[in-house]
Each structure stands twice: as structure tokens, then as C-alpha cells.
file run.cif (mmCIF, C-alpha atoms and all ligand atoms; chains and numbers go by the auth columns)
data_structure
#
loop_
_atom_site.group_PDB
_atom_site.id
_atom_site.type_symbol
_atom_site.label_atom_id
_atom_site.label_comp_id
_atom_site.label_asym_id
_atom_site.label_seq_id
_atom_site.Cartn_x
_atom_site.Cartn_y
_atom_site.Cartn_z
_atom_site.B_iso_or_equiv
_atom_site.auth_seq_id
_atom_site.auth_asym_id
ATOM 1 C CA MET A 1 11.390 4.176 -15.336 0.00 1 F
ATOM 2 C CA ARG A 2 8.905 6.444 -17.108 0.00 2 F
ATOM 3 C CA LEU A 3 8.457 10.070 -16.093 0.00 3 F
ATOM 4 C CA PRO A 4 5.156 9.686 -14.141 0.00 4 F
ATOM 5 C CA ALA A 5 6.645 6.769 -12.218 0.00 5 F
ATOM 6 C CA LEU A 6 9.797 8.762 -11.529 0.00 6 F
ATOM 7 C CA LEU A 7 7.753 11.718 -10.372 0.00 7 F
ATOM 8 C CA GLY A 8 5.669 9.486 -8.110 0.00 8 F
ATOM 9 C CA HIS A 9 8.828 8.015 -6.661 0.00 9 F
ATOM 10 C CA ALA A 10 10.248 11.489 -6.003 0.00 10 F
ATOM 11 C CA LEU A 11 7.014 12.565 -4.296 0.00 11 F
ATOM 12 C CA ASP A 12 7.057 9.421 -2.148 0.00 12 F
ATOM 13 C CA LEU A 13 10.458 10.485 -0.870 0.00 13 F
ATOM 14 C CA LEU A 14 9.291 14.020 -0.092 0.00 14 F
ATOM 15 C CA LEU A 15 5.893 13.345 1.448 0.00 15 F
ATOM 16 C CA PRO A 16 5.316 11.332 4.602 0.00 16 F
ATOM 17 C CA PRO A 17 3.382 8.130 3.854 0.00 17 F
ATOM 18 C CA VAL A 18 -0.365 8.016 4.390 0.00 18 F
ATOM 19 C CA CYS A 19 -2.396 4.889 5.009 0.00 19 F
ATOM 20 C CA ALA A 20 -3.733 3.665 1.657 0.00 20 F
ATOM 21 C CA GLY A 21 -6.804 2.329 3.470 0.00 21 F
ATOM 22 C CA CYS A 22 -7.993 5.364 5.458 0.00 22 F
ATOM 23 C CA GLY A 23 -5.627 8.264 4.723 0.00 23 F
ATOM 24 C CA ALA A 24 -4.180 8.457 8.245 0.00 24 F
ATOM 25 C CA PRO A 25 -0.640 9.862 8.156 0.00 25 F
ATOM 26 C CA GLY A 26 2.388 7.912 9.316 0.00 26 F
ATOM 27 C CA ALA A 27 2.541 4.572 7.520 0.00 27 F
ATOM 28 C CA ALA A 28 1.587 2.853 4.251 0.00 28 F
ATOM 29 C CA CYS A 29 -1.076 0.971 6.203 0.00 29 F
ATOM 30 C CA CYS A 30 -2.170 1.883 9.745 0.00 30 F
ATOM 31 C CA PRO A 31 -2.633 -0.804 12.428 0.00 31 F
ATOM 32 C CA GLY A 32 -6.420 -0.390 12.330 0.00 32 F
ATOM 33 C CA CYS A 33 -6.626 -1.072 8.595 0.00 33 F
ATOM 34 C CA ARG A 34 -4.121 -3.927 8.866 0.00 34 F
ATOM 35 C CA ASP A 35 -6.357 -5.589 11.474 0.00 35 F
ATOM 36 C CA LEU A 36 -9.119 -5.820 8.867 0.00 36 F
ATOM 37 C CA LEU A 37 -7.028 -8.364 6.930 0.00 37 F
ATOM 38 C CA MET A 38 -6.105 -10.563 9.843 0.00 38 F
ATOM 39 C CA SER A 39 -9.007 -13.020 9.886 0.00 39 F
ATOM 40 C CA PRO A 40 -8.513 -15.364 6.931 0.00 40 F
ATOM 41 C CA SER A 41 -11.522 -17.473 6.042 0.00 41 F
ATOM 42 C CA ARG A 42 -12.369 -20.277 3.639 0.00 42 F
ATOM 43 C CA LEU A 43 -13.977 -19.299 0.327 0.00 43 F
ATOM 44 C CA PRO A 44 -16.225 -21.080 -2.120 0.00 44 F
ATOM 45 C CA CYS A 45 -13.914 -21.696 -5.096 0.00 45 F
ATOM 46 C CA PRO A 46 -14.045 -24.211 -7.966 0.00 46 F
ATOM 47 C CA SER A 47 -10.360 -25.118 -7.445 0.00 47 F
ATOM 48 C CA ASP A 48 -9.571 -28.608 -6.121 0.00 48 F
ATOM 49 C CA ALA A 49 -7.437 -27.041 -3.381 0.00 49 F
ATOM 50 C CA PRO A 50 -9.255 -25.171 -0.622 0.00 50 F
ATOM 51 C CA ALA A 51 -9.180 -21.387 -1.039 0.00 51 F
ATOM 52 C CA TYR A 52 -8.837 -18.702 1.615 0.00 52 F
ATOM 53 C CA ALA A 53 -8.973 -14.918 1.639 0.00 53 F
ATOM 54 C CA LEU A 54 -7.742 -12.439 4.222 0.00 54 F
ATOM 55 C CA ALA A 55 -10.792 -10.186 3.881 0.00 55 F
ATOM 56 C CA PRO A 56 -13.836 -9.429 1.735 0.00 56 F
ATOM 57 C CA TYR A 57 -13.147 -7.357 -1.390 0.00 57 F
ATOM 58 C CA ARG A 58 -14.823 -4.168 -0.175 0.00 58 F
ATOM 59 C CA GLY A 59 -14.086 -1.133 1.944 0.00 59 F
ATOM 60 C CA VAL A 60 -10.548 -0.780 3.268 0.00 60 F
ATOM 61 C CA PRO A 61 -9.204 -4.174 2.074 0.00 61 F
ATOM 62 C CA ARG A 62 -10.355 -3.369 -1.474 0.00 62 F
ATOM 63 C CA LYS A 63 -8.759 0.076 -1.273 0.00 63 F
ATOM 64 C CA LEU A 64 -5.465 -1.451 -0.139 0.00 64 F
ATOM 65 C CA VAL A 65 -5.435 -4.005 -2.961 0.00 65 F
ATOM 66 C CA LEU A 66 -6.264 -1.378 -5.592 0.00 66 F
ATOM 67 C CA ALA A 67 -3.726 1.092 -4.205 0.00 67 F
ATOM 68 C CA TYR A 68 -1.023 -1.572 -4.348 0.00 68 F
ATOM 69 C CA LYS A 69 -1.991 -3.032 -7.686 0.00 69 F
ATOM 70 C CA GLU A 70 -3.250 -0.072 -9.709 0.00 70 F
ATOM 71 C CA ARG A 71 -2.098 3.105 -7.987 0.00 71 F
ATOM 72 C CA GLY A 72 1.603 2.463 -7.624 0.00 72 F
ATOM 73 C CA ARG A 73 1.627 2.039 -3.826 0.00 73 F
ATOM 74 C CA ARG A 74 4.534 -0.386 -3.853 0.00 74 F
ATOM 75 C CA ASP A 75 5.267 0.644 -0.271 0.00 75 F
ATOM 76 C CA LEU A 76 2.318 -1.613 0.660 0.00 76 F
ATOM 77 C CA ALA A 77 4.181 -4.757 -0.445 0.00 77 F
ATOM 78 C CA PRO A 78 5.836 -5.419 2.953 0.00 78 F
ATOM 79 C CA VAL A 79 2.534 -4.933 4.827 0.00 79 F
ATOM 80 C CA LEU A 80 0.465 -7.065 2.454 0.00 80 F
ATOM 81 C CA GLY A 81 3.175 -9.727 2.198 0.00 81 F
ATOM 82 C CA GLY A 82 3.324 -9.781 5.995 0.00 82 F
ATOM 83 C CA LEU A 83 -0.440 -10.265 6.207 0.00 83 F
ATOM 84 C CA LEU A 84 -0.268 -13.175 3.748 0.00 84 F
ATOM 85 C CA ALA A 85 2.537 -14.712 5.822 0.00 85 F
ATOM 86 C CA ALA A 86 0.496 -14.280 9.006 0.00 86 F
ATOM 87 C CA ALA A 87 -2.312 -16.330 7.402 0.00 87 F
ATOM 88 C CA LEU A 88 -0.029 -19.223 6.445 0.00 88 F
ATOM 89 C CA PRO A 89 -0.100 -21.054 9.822 0.00 89 F
ATOM 90 C CA LEU A 90 -3.896 -21.326 9.665 0.00 90 F
ATOM 91 C CA VAL A 91 -3.854 -22.434 6.022 0.00 91 F
ATOM 92 C CA ILE A 92 -1.073 -24.967 6.599 0.00 92 F
ATOM 93 C CA ARG A 93 -2.828 -26.393 9.658 0.00 93 F
ATOM 94 C CA ASP A 94 -6.163 -26.538 7.850 0.00 94 F
ATOM 95 C CA VAL A 95 -4.889 -28.418 4.801 0.00 95 F
ATOM 96 C CA GLY A 96 -2.593 -30.624 6.874 0.00 96 F
ATOM 97 C CA THR A 97 0.631 -29.735 5.039 0.00 97 F
ATOM 98 C CA THR A 98 3.651 -30.980 6.897 0.00 98 F
ATOM 99 C CA GLY A 99 7.187 -29.850 6.189 0.00 99 F
ATOM 100 C CA ALA A 100 8.210 -26.895 4.097 0.00 100 F
ATOM 101 C CA CYS A 101 5.824 -24.705 2.205 0.00 101 F
ATOM 102 C CA CYS A 102 6.288 -22.987 -1.150 0.00 102 F
ATOM 103 C CA VAL A 103 4.327 -19.983 -2.334 0.00 103 F
ATOM 104 C CA VAL A 104 3.637 -19.643 -6.055 0.00 104 F
ATOM 105 C CA PRO A 105 2.351 -16.255 -7.221 0.00 105 F
ATOM 106 C CA VAL A 106 -0.386 -16.078 -9.814 0.00 106 F
ATOM 107 C CA PRO A 107 1.393 -14.776 -12.943 0.00 107 F
ATOM 108 C CA SER A 108 0.960 -11.225 -14.225 0.00 108 F
ATOM 109 C CA ARG A 109 0.431 -10.269 -17.846 0.00 109 F
ATOM 110 C CA ARG A 110 3.659 -8.841 -19.206 0.00 110 F
ATOM 111 C CA ALA A 111 2.036 -5.522 -20.199 0.00 111 F
ATOM 112 C CA ALA A 112 0.402 -5.171 -16.770 0.00 112 F
ATOM 113 C CA ALA A 113 3.690 -5.986 -15.046 0.00 113 F
ATOM 114 C CA ARG A 114 5.402 -3.263 -17.072 0.00 114 F
ATOM 115 C CA THR A 115 2.918 -0.583 -16.030 0.00 115 F
ATOM 116 C CA ARG A 116 2.925 -1.829 -12.430 0.00 116 F
ATOM 117 C CA GLY A 117 6.698 -1.786 -12.078 0.00 117 F
ATOM 118 C CA GLY A 118 7.146 -5.567 -12.187 0.00 118 F
ATOM 119 C CA PRO A 119 5.035 -8.655 -11.449 0.00 119 F
ATOM 120 C CA HIS A 120 3.013 -7.464 -8.456 0.00 120 F
ATOM 121 C CA MET A 121 2.158 -10.880 -7.035 0.00 121 F
ATOM 122 C CA LEU A 122 5.761 -12.086 -7.262 0.00 122 F
ATOM 123 C CA ARG A 123 6.799 -9.050 -5.214 0.00 123 F
ATOM 124 C CA LEU A 124 4.147 -9.936 -2.611 0.00 124 F
ATOM 125 C CA ALA A 125 5.201 -13.589 -2.618 0.00 125 F
ATOM 126 C CA ARG A 126 8.796 -12.554 -1.860 0.00 126 F
ATOM 127 C CA GLN A 127 7.622 -10.322 0.980 0.00 127 F
ATOM 128 C CA CYS A 128 5.436 -13.161 2.226 0.00 128 F
ATOM 129 C CA GLY A 129 8.497 -15.446 2.257 0.00 129 F
ATOM 130 C CA LEU A 130 10.568 -12.892 4.191 0.00 130 F
ATOM 131 C CA HIS A 131 7.879 -12.361 6.817 0.00 131 F
ATOM 132 C CA ALA A 132 7.171 -16.088 7.112 0.00 132 F
ATOM 133 C CA ALA A 133 10.841 -16.640 7.957 0.00 133 F
ATOM 134 C CA GLU A 134 10.494 -14.048 10.751 0.00 134 F
ATOM 135 C CA LEU A 135 7.510 -16.046 12.039 0.00 135 F
ATOM 136 C CA GLY A 136 9.609 -19.222 11.999 0.00 136 F
ATOM 137 C CA ILE A 137 7.808 -20.786 9.015 0.00 137 F
ATOM 138 C CA ARG A 138 9.959 -22.246 6.264 0.00 138 F
ATOM 139 C CA VAL A 139 8.632 -20.855 2.999 0.00 139 F
ATOM 140 C CA SER A 140 10.266 -20.809 -0.408 0.00 140 F
ATOM 141 C CA VAL A 141 9.024 -18.735 -3.341 0.00 141 F
ATOM 142 C CA ALA A 142 8.682 -20.209 -6.826 0.00 142 F
ATOM 143 C CA PRO A 143 7.605 -18.072 -9.812 0.00 143 F
ATOM 144 C CA ALA A 144 6.463 -21.331 -11.382 0.00 144 F
ATOM 145 C CA LEU A 145 3.772 -19.957 -13.668 0.00 145 F
ATOM 146 C CA ARG A 146 3.687 -17.571 -16.578 0.00 146 F
ATOM 147 C CA LEU A 147 1.002 -16.209 -18.862 0.00 147 F
ATOM 148 C CA ALA A 148 1.323 -16.823 -22.572 0.00 148 F
ATOM 149 C CA SER A 149 0.620 -13.824 -24.760 0.00 149 F
ATOM 150 C CA GLY A 150 -2.981 -13.156 -25.655 0.00 150 F
ATOM 151 C CA ALA A 151 -4.487 -13.227 -22.169 0.00 151 F
ATOM 152 C CA LYS A 152 -6.479 -10.086 -21.445 0.00 152 F
ATOM 153 C CA ASP A 153 -6.869 -8.432 -18.063 0.00 153 F
ATOM 154 C CA ALA A 154 -9.689 -10.261 -16.275 0.00 154 F
ATOM 155 C CA VAL A 155 -11.316 -7.068 -14.958 0.00 155 F
ATOM 156 C CA GLY A 156 -14.868 -6.761 -16.272 0.00 156 F
ATOM 157 C CA LEU A 157 -15.010 -10.214 -17.873 0.00 157 F
ATOM 158 C CA ASP A 158 -17.868 -12.581 -17.014 0.00 158 F
ATOM 159 C CA PRO A 159 -17.004 -16.034 -15.611 0.00 159 F
ATOM 160 C CA ALA A 160 -17.258 -17.895 -18.938 0.00 160 F
ATOM 161 C CA THR A 161 -15.100 -15.315 -20.718 0.00 161 F
ATOM 162 C CA ARG A 162 -12.574 -15.369 -17.874 0.00 162 F
ATOM 163 C CA THR A 163 -12.216 -19.128 -18.184 0.00 163 F
ATOM 164 C CA ALA A 164 -11.896 -18.933 -21.991 0.00 164 F
ATOM 165 C CA ASN A 165 -9.400 -16.077 -21.648 0.00 165 F
ATOM 166 C CA LEU A 166 -7.176 -18.239 -19.485 0.00 166 F
ATOM 167 C CA ALA A 167 -7.672 -21.656 -21.046 0.00 167 F
ATOM 168 C CA GLY A 168 -4.277 -22.956 -22.062 0.00 168 F
ATOM 169 C CA ARG A 169 -2.590 -19.596 -21.459 0.00 169 F
ATOM 170 C CA VAL A 170 -1.317 -20.238 -17.948 0.00 170 F
ATOM 171 C CA LEU A 171 1.869 -22.224 -18.407 0.00 171 F
ATOM 172 C CA PRO A 172 4.297 -23.847 -15.999 0.00 172 F
ATOM 173 C CA VAL A 173 7.880 -22.553 -15.896 0.00 173 F
ATOM 174 C CA PRO A 174 9.912 -25.787 -15.730 0.00 174 F
ATOM 175 C CA ALA A 175 13.026 -23.996 -14.429 0.00 175 F
ATOM 176 C CA ALA A 176 11.164 -22.440 -11.476 0.00 176 F
ATOM 177 C CA LEU A 177 8.994 -25.233 -10.074 0.00 177 F
ATOM 178 C CA PRO A 178 8.548 -25.626 -6.298 0.00 178 F
ATOM 179 C CA PRO A 179 10.955 -28.038 -4.600 0.00 179 F
ATOM 180 C CA ALA A 180 9.517 -31.586 -4.607 0.00 180 F
ATOM 181 C CA GLY A 181 7.491 -32.448 -1.544 0.00 181 F
ATOM 182 C CA THR A 182 6.716 -28.879 -0.488 0.00 182 F
ATOM 183 C CA GLY A 183 3.145 -27.837 0.253 0.00 183 F
ATOM 184 C CA VAL A 184 2.308 -25.432 -2.558 0.00 184 F
ATOM 185 C CA VAL A 185 0.224 -22.370 -1.730 0.00 185 F
ATOM 186 C CA LEU A 186 -0.960 -20.367 -4.722 0.00 186 F
ATOM 187 C CA LEU A 187 -1.064 -16.623 -3.979 0.00 187 F
ATOM 188 C CA ASP A 188 -3.475 -14.193 -5.644 0.00 188 F
ATOM 189 C CA ASP A 189 -4.727 -10.686 -4.945 0.00 189 F
ATOM 190 C CA VAL A 190 -8.444 -11.131 -5.600 0.00 190 F
ATOM 191 C CA VAL A 191 -10.272 -14.429 -6.089 0.00 191 F
ATOM 192 C CA THR A 192 -13.506 -13.597 -7.913 0.00 192 F
ATOM 193 C CA THR A 193 -14.849 -16.545 -9.898 0.00 193 F
ATOM 194 C CA GLY A 194 -11.868 -18.773 -9.109 0.00 194 F
ATOM 195 C CA ALA A 195 -11.141 -19.205 -12.848 0.00 195 F
ATOM 196 C CA THR A 196 -7.547 -18.008 -12.420 0.00 196 F
ATOM 197 C CA ALA A 197 -6.941 -20.348 -9.484 0.00 197 F
ATOM 198 C CA VAL A 198 -8.290 -23.286 -11.480 0.00 198 F
ATOM 199 C CA ALA A 199 -6.151 -22.432 -14.535 0.00 199 F
ATOM 200 C CA CYS A 200 -3.043 -22.163 -12.330 0.00 200 F
ATOM 201 C CA GLU A 201 -3.855 -25.416 -10.555 0.00 201 F
ATOM 202 C CA ARG A 202 -4.262 -27.215 -13.902 0.00 202 F
ATOM 203 C CA ALA A 203 -1.020 -25.791 -15.287 0.00 203 F
ATOM 204 C CA LEU A 204 0.884 -27.041 -12.232 0.00 204 F
ATOM 205 C CA ALA A 205 -0.891 -30.410 -12.360 0.00 205 F
ATOM 206 C CA ARG A 206 0.529 -30.864 -15.883 0.00 206 F
ATOM 207 C CA VAL A 207 4.023 -30.873 -14.373 0.00 207 F
ATOM 208 C CA ALA A 208 2.910 -33.066 -11.442 0.00 208 F
ATOM 209 C CA VAL A 209 2.894 -30.252 -8.873 0.00 209 F
ATOM 210 C CA PRO A 210 -0.222 -30.441 -6.693 0.00 210 F
ATOM 211 C CA VAL A 211 -1.555 -27.241 -5.132 0.00 211 F
ATOM 212 C CA ALA A 212 -2.325 -27.593 -1.415 0.00 212 F
ATOM 213 C CA ALA A 213 -4.162 -24.302 -0.970 0.00 213 F
ATOM 214 C CA VAL A 214 -5.086 -21.028 -2.638 0.00 214 F
ATOM 215 C CA LEU A 215 -4.546 -17.888 -0.574 0.00 215 F
ATOM 216 C CA ALA A 216 -5.878 -14.535 -1.740 0.00 216 F
ATOM 217 C CA MET A 217 -5.772 -11.134 -0.125 0.00 217 F
ATOM 218 C CA THR A 218 -9.441 -10.535 -0.824 0.00 218 F
ATOM 219 C CA SER A 219 -12.548 -12.014 -2.390 0.00 219 F
ATOM 220 C CA PRO A 220 -16.003 -10.600 -3.056 0.00 220 F
ATOM 221 C CA ARG A 221 -17.453 -14.045 -2.169 0.00 221 F
HETATM 222 ZN ZN ZN B . -5.684 3.085 7.828 0.00 301 G
#
call {"tool": "encode", "arguments": {"input": "run.cif", "output": "C-alpha cells", "more": "lines below"}}
Ligand SMILES: [Zn+2]
result
Amino acid sequence: MRLPALLGHALDLLLPPVCAGCGAPGAACCPGCRDLLMSPSRLPCPSDAPAYALAPYRGVPRKLVLAYKERGRRDLAPVLGGLLAAALPLVIRDVGTTGACCVVPVPSRRAAARTRGGPHMLRLARQCGLHAAELGIRVSVAPALRLASGAKDAVGLDPATRTANLAGRVLPVPAALPPAGTGVVLLDDVVTTGATAVACERALARVAVPVAAVLAMTSPR
């Protein structure tokens, strides 16, 4: 762990948590802010599988995603994973998946994962799995995708460049594919153009794994 990360960790232990959405003291995310991510809705997305997001990418939901992803608020993982799990019944019912479900996190770039203390979507997927079990939903987690080197961070890229950036760089991980017959739900933090979802869907299609649904925390759409 690098010094700034260590220092941040030490401060986390000393200071009481504040809500990353509104600054209220007491918890990583207060009940009021959590409520803003509890109405998943269908999104326009070029993926074959229907896509859903918990909230629009603005205001408090955007702050929560950025705090978790970019500002080292790893204490948000249980809350955000729990919110993703809470959306699964609606998604599963909507797409008609029967039987067990498997969540596949969108892969992180290795450099980004290093600065973020590990693959941030895999951490959320694991939390999602834990909370789903508490809700009585059978969910496995499969880190079935990886990014080949050369992919840049998608922030600030236009749709065409995003697609080109990802073309052929999202690869299946044969040793970590979802169990056969499970309804695969692809998890992402922000669905913007849908280029990432499409690239992930195609990579899984190459190993005969169909994606049933895409579930994102937020989307500007
Ligand atoms: Zn709050």
C-alpha cells in the first residue's frame, strides 16, 4: 500500500464516516441518499441484453459512484453492492431468467485497479453476491472478463473512440466463466454510450455465454 493510501486508511479509522452523497455524519451512505438508488429503470443501450441503471448519473448517485471509484471510499462497497443486489429481483423478473444468476463485473484496466486498490467492479460484484444471498437470491460471481493491455480509460472519449478503444481488448477468462445455464448479469458502474457493455457481451458470446441483462449503478441516459 502506498503512503497516501495508508494515510487515508489511518484517517478512516480515526474519523467517523460521513455520507459520501451528502456529508451527513454516521455512515458511508445515509438512508436518504441510499433511497435515491432504489428505483432501477430500463435504459436505452446498444447491447443485445436489456440494460438497467439504479439512478441517473447526476447529483448524489454520481457523487457516490465517484467517491467509490475515484476517491478511495471503499467503505461504500457494501452499500453499493447491496443496492445492486436489491435491483436483481426486478431485473431477473423482467428478463425472465429462471434458476440461478451469475454476476460478471465489467473488467478494470490493470493500472486503474492498482490506483483504486483492486478491481472496483469485482469488489462490488462480490458484495452484490453477499447481499443477494441475504435476500434469498442465489447469485454466483464470475470475474469472466479481462482487459488486454492498451485500453485507455474511457473518461472523456467520444462514442466512436470508446468503441475503437475497446474493440478486441475485452477478453473472456476461460477459467472463470459463469456456471452453464445461469442467467448472466453484467455489472458496471456507469453506462454512458453502452460501448463497454457491447464489448463485454461480444467477448462472452465468443465463449458461448449469453448475457441476460446489464445492470449499472448509474447512467446519464
Ligand atoms: Zn447522504
call {"tool": "resolve_selection", "arguments": {"input": "run.cif", "expression": "the PyMOL selection byres (((not hetatm)) within 12 of (chain G and resi 301))", "output": "list in words"}}
result
Pro17, Val18, Cys19, Ala20, Gly21, Cys22, Gly23, Ala24, Pro25, Gly26, Ala27, Ala28, Cys29, Cys30, Pro31, Gly32, Cys33, Arg34, Asp35, Leu36, Leu37, Gly59, Val60, Pro61, Lys63, Leu64, Leu76 and Val79 of chain F
call {"tool": "atom_distance", "arguments": {"input": "run.cif", "atom1": "atom CA of F:Ala167", "atom2": "atom CA of F:Ala55"}}
result
27.6 Å
call {"tool": "closest_residue", "arguments": {"input": "run.cif", "among": "F:Asn165, F:Cys128, F:Pro105, F:Asp189", "to": "F:Tyr68", "atoms": "only C-alpha atoms"}}
result
F:Asp189
call {"tool": "closest_residue", "arguments": {"input": "run.cif", "among": "F:Cys102, F:Ala132, F:Met121, F:Val214", "to": "F:Arg74", "atoms": "all atoms listed in the file"}}
result
F:Met121
call {"tool": "closest_residue", "arguments": {"input": "run.cif", "among": "F:Ala144, F:Ala203, F:Cys101, F:Ala125", "to": "F:Thr182", "atoms": "only C-alpha atoms"}}
result
F:Cys101
call {"tool": "atom_distance", "arguments": {"input": "run.cif", "atom1": "atom CA of F:Val104", "atom2": "atom CA of F:Arg162"}}
result
20.5 Å
call {"tool": "atom_distance", "arguments": {"input": "run.cif", "atom1": "atom CA of F:Ser108", "atom2": "atom CA of F:Arg146"}}
result
7.3 Å
call {"tool": "residues_around", "arguments": {"input": "run.cif", "residues": "F:Met38", "least_positions_apart": "4", "cutoff": "9 Å", "atoms": "only C-alpha atoms", "output": "VMD selection string"}}
result
chain F and resid 34 54 to 55 83 to 84 86 to 87
call {"tool": "write_last_selection", "arguments": {"input": "run.cif", "atoms": "C-alpha atoms", "output": "PDB file, keeping the file's coordinate frame"}}
result
ATOM      1  CA  ARG F  34      -4.121  -3.927   8.866  1.00  0.00           C
ATOM      2  CA  LEU F  54      -7.742 -12.439   4.222  1.00  0.00           C
ATOM      3  CA  ALA F  55     -10.792 -10.186   3.881  1.00  0.00           C
ATOM      4  CA  LEU F  83      -0.440 -10.265   6.207  1.00  0.00           C
ATOM      5  CA  LEU F  84      -0.268 -13.175   3.748  1.00  0.00           C
ATOM      6  CA  ALA F  86       0.496 -14.280   9.006  1.00  0.00           C
ATOM      7  CA  ALA F  87      -2.312 -16.330   7.402  1.00  0.00           C
TER       8      ALA F  87
END
call {"tool": "resolve_selection", "arguments": {"input": "run.cif", "expression": "the PyMOL selection byres (((chain F and resi 89-100) around 12) and not hetatm)", "output": "MDAnalysis selection string"}}
result
chainID F and resid 38:42 48:54 83:88 101:103 129 132:133 135:141 178:187 210:216
call {"tool": "residues_around", "arguments": {"input": "run.cif", "residues": "F:Arg116", "least_positions_apart": "2", "cutoff": "7 Å", "atoms": "all atoms listed in the file", "output": "PyMOL selection string"}}
result
chain F and resi 69-70+72+112-114+118+120
call {"tool": "write_last_selection", "arguments": {"input": "run.cif", "atoms": "C-alpha atoms", "output": "short mmCIF file (atom, residue, chain, number, x, y, z; two decimals), in the coordinates of the input"}}
result
data_model
loop_
_atom_site.label_atom_id
_atom_site.label_comp_id
_atom_site.auth_asym_id
_atom_site.auth_seq_id
_atom_site.Cartn_x
_atom_site.Cartn_y
_atom_site.Cartn_z
CA LYS F 69 -1.99 -3.03 -7.69
CA GLU F 70 -3.25 -0.07 -9.71
CA GLY F 72 1.60 2.46 -7.62
CA ALA F 112 0.40 -5.17 -16.77
CA ALA F 113 3.69 -5.99 -15.05
CA ARG F 114 5.40 -3.26 -17.07
CA GLY F 118 7.15 -5.57 -12.19
CA HIS F 120 3.01 -7.46 -8.46
#
call {"tool": "closest_residue", "arguments": {"input": "run.cif", "among": "F:Glu201, F:Val190, F:Leu66, F:Ala77", "to": "F:Gln127", "atoms": "all atoms listed in the file"}}
result
F:Ala77
call {"tool": "axis_aligned_box", "arguments": {"input": "run.cif", "around": "stretch 206-219 of chain F", "padding_each_side": "4 Å", "output": "AutoDock Vina command-line options"}}
result
--center_x -4.3 --center_y -21.8 --center_z -8.0 --size_x 24.6 --size_y 30.5 --size_z 23.8
call {"tool": "closest_residue", "arguments": {"input": "run.cif", "among": "F:Leu130, F:Ala142, F:Ala148, F:Leu157", "to": "F:Thr192", "atoms": "all atoms listed in the file"}}
result
F:Leu157
call {"tool": "residues_around", "arguments": {"input": "run.cif", "residues": "F:Pro56", "least_positions_apart": "3", "cutoff": "8 Å", "atoms": "all atoms listed in the file", "output": "PyMOL selection string"}}
result
chain F and resi 53+61-62+218-221
call {"tool": "build_atoms", "arguments": {"input": "run.cif", "residues": "stretch 136-151 of chain F", "atoms": "N, CA and C atoms", "output": "PDB file, in the coordinates of the input"}}
result
ATOM      1  N   GLY F 136       9.097 -17.875  11.768  1.00  0.00           N
ATOM      2  CA  GLY F 136       9.609 -19.222  11.999  1.00  0.00           C
ATOM      3  C   GLY F 136       9.001 -20.271  11.077  1.00  0.00           C
ATOM      4  N   ILE F 137       8.379 -19.826   9.967  1.00  0.00           N
ATOM      5  CA  ILE F 137       7.808 -20.786   9.015  1.00  0.00           C
ATOM      6  C   ILE F 137       8.746 -20.868   7.810  1.00  0.00           C
ATOM      7  N   ARG F 138       9.074 -22.075   7.422  1.00  0.00           N
ATOM      8  CA  ARG F 138       9.959 -22.246   6.264  1.00  0.00           C
ATOM      9  C   ARG F 138       9.134 -22.124   4.986  1.00  0.00           C
ATOM     10  N   VAL F 139       9.378 -21.088   4.237  1.00  0.00           N
ATOM     11  CA  VAL F 139       8.632 -20.855   2.999  1.00  0.00           C
ATOM     12  C   VAL F 139       9.600 -20.499   1.878  1.00  0.00           C
ATOM     13  N   SER F 140       9.512 -21.216   0.775  1.00  0.00           N
ATOM     14  CA  SER F 140      10.266 -20.809  -0.408  1.00  0.00           C
ATOM     15  C   SER F 140       9.291 -20.145  -1.384  1.00  0.00           C
ATOM     16  N   VAL F 141       9.844 -19.441  -2.353  1.00  0.00           N
ATOM     17  CA  VAL F 141       9.024 -18.735  -3.341  1.00  0.00           C
ATOM     18  C   VAL F 141       9.394 -19.262  -4.720  1.00  0.00           C
ATOM     19  N   ALA F 142       8.403 -19.678  -5.487  1.00  0.00           N
ATOM     20  CA  ALA F 142       8.682 -20.209  -6.826  1.00  0.00           C
ATOM     21  C   ALA F 142       7.802 -19.505  -7.861  1.00  0.00           C
ATOM     22  N   PRO F 143       8.395 -18.674  -8.726  1.00  0.00           N
ATOM     23  CA  PRO F 143       7.605 -18.072  -9.812  1.00  0.00           C
ATOM     24  C   PRO F 143       7.370 -19.105 -10.909  1.00  0.00           C
ATOM     25  N   ALA F 144       6.563 -20.121 -10.567  1.00  0.00           N
ATOM     26  CA  ALA F 144       6.463 -21.331 -11.382  1.00  0.00           C
ATOM     27  C   ALA F 144       5.457 -21.246 -12.511  1.00  0.00           C
ATOM     28  N   LEU F 145       4.791 -20.084 -12.631  1.00  0.00           N
ATOM     29  CA  LEU F 145       3.772 -19.957 -13.668  1.00  0.00           C
ATOM     30  C   LEU F 145       3.999 -18.699 -14.485  1.00  0.00           C
ATOM     31  N   ARG F 146       3.635 -18.774 -15.744  1.00  0.00           N
ATOM     32  CA  ARG F 146       3.687 -17.571 -16.578  1.00  0.00           C
ATOM     33  C   ARG F 146       2.436 -17.547 -17.453  1.00  0.00           C
ATOM     34  N   LEU F 147       2.146 -16.352 -17.964  1.00  0.00           N
ATOM     35  CA  LEU F 147       1.002 -16.209 -18.862  1.00  0.00           C
ATOM     36  C   LEU F 147       1.511 -16.105 -20.288  1.00  0.00           C
ATOM     37  N   ALA F 148       0.981 -16.950 -21.159  1.00  0.00           N
ATOM     38  CA  ALA F 148       1.323 -16.823 -22.572  1.00  0.00           C
ATOM     39  C   ALA F 148       0.678 -15.560 -23.102  1.00  0.00           C
ATOM     40  N   SER F 149       1.189 -15.054 -24.218  1.00  0.00           N
ATOM     41  CA  SER F 149       0.620 -13.824 -24.760  1.00  0.00           C
ATOM     42  C   SER F 149      -0.819 -14.080 -25.213  1.00  0.00           C
ATOM     43  N   GLY F 150      -1.604 -13.031 -25.205  1.00  0.00           N
ATOM     44  CA  GLY F 150      -2.981 -13.156 -25.655  1.00  0.00           C
ATOM     45  C   GLY F 150      -3.997 -13.110 -24.539  1.00  0.00           C
ATOM     46  N   ALA F 151      -3.547 -13.300 -23.289  1.00  0.00           N
ATOM     47  CA  ALA F 151      -4.487 -13.227 -22.169  1.00  0.00           C
ATOM     48  C   ALA F 151      -4.795 -11.762 -21.886  1.00  0.00           C
TER      49      ALA F 151
END
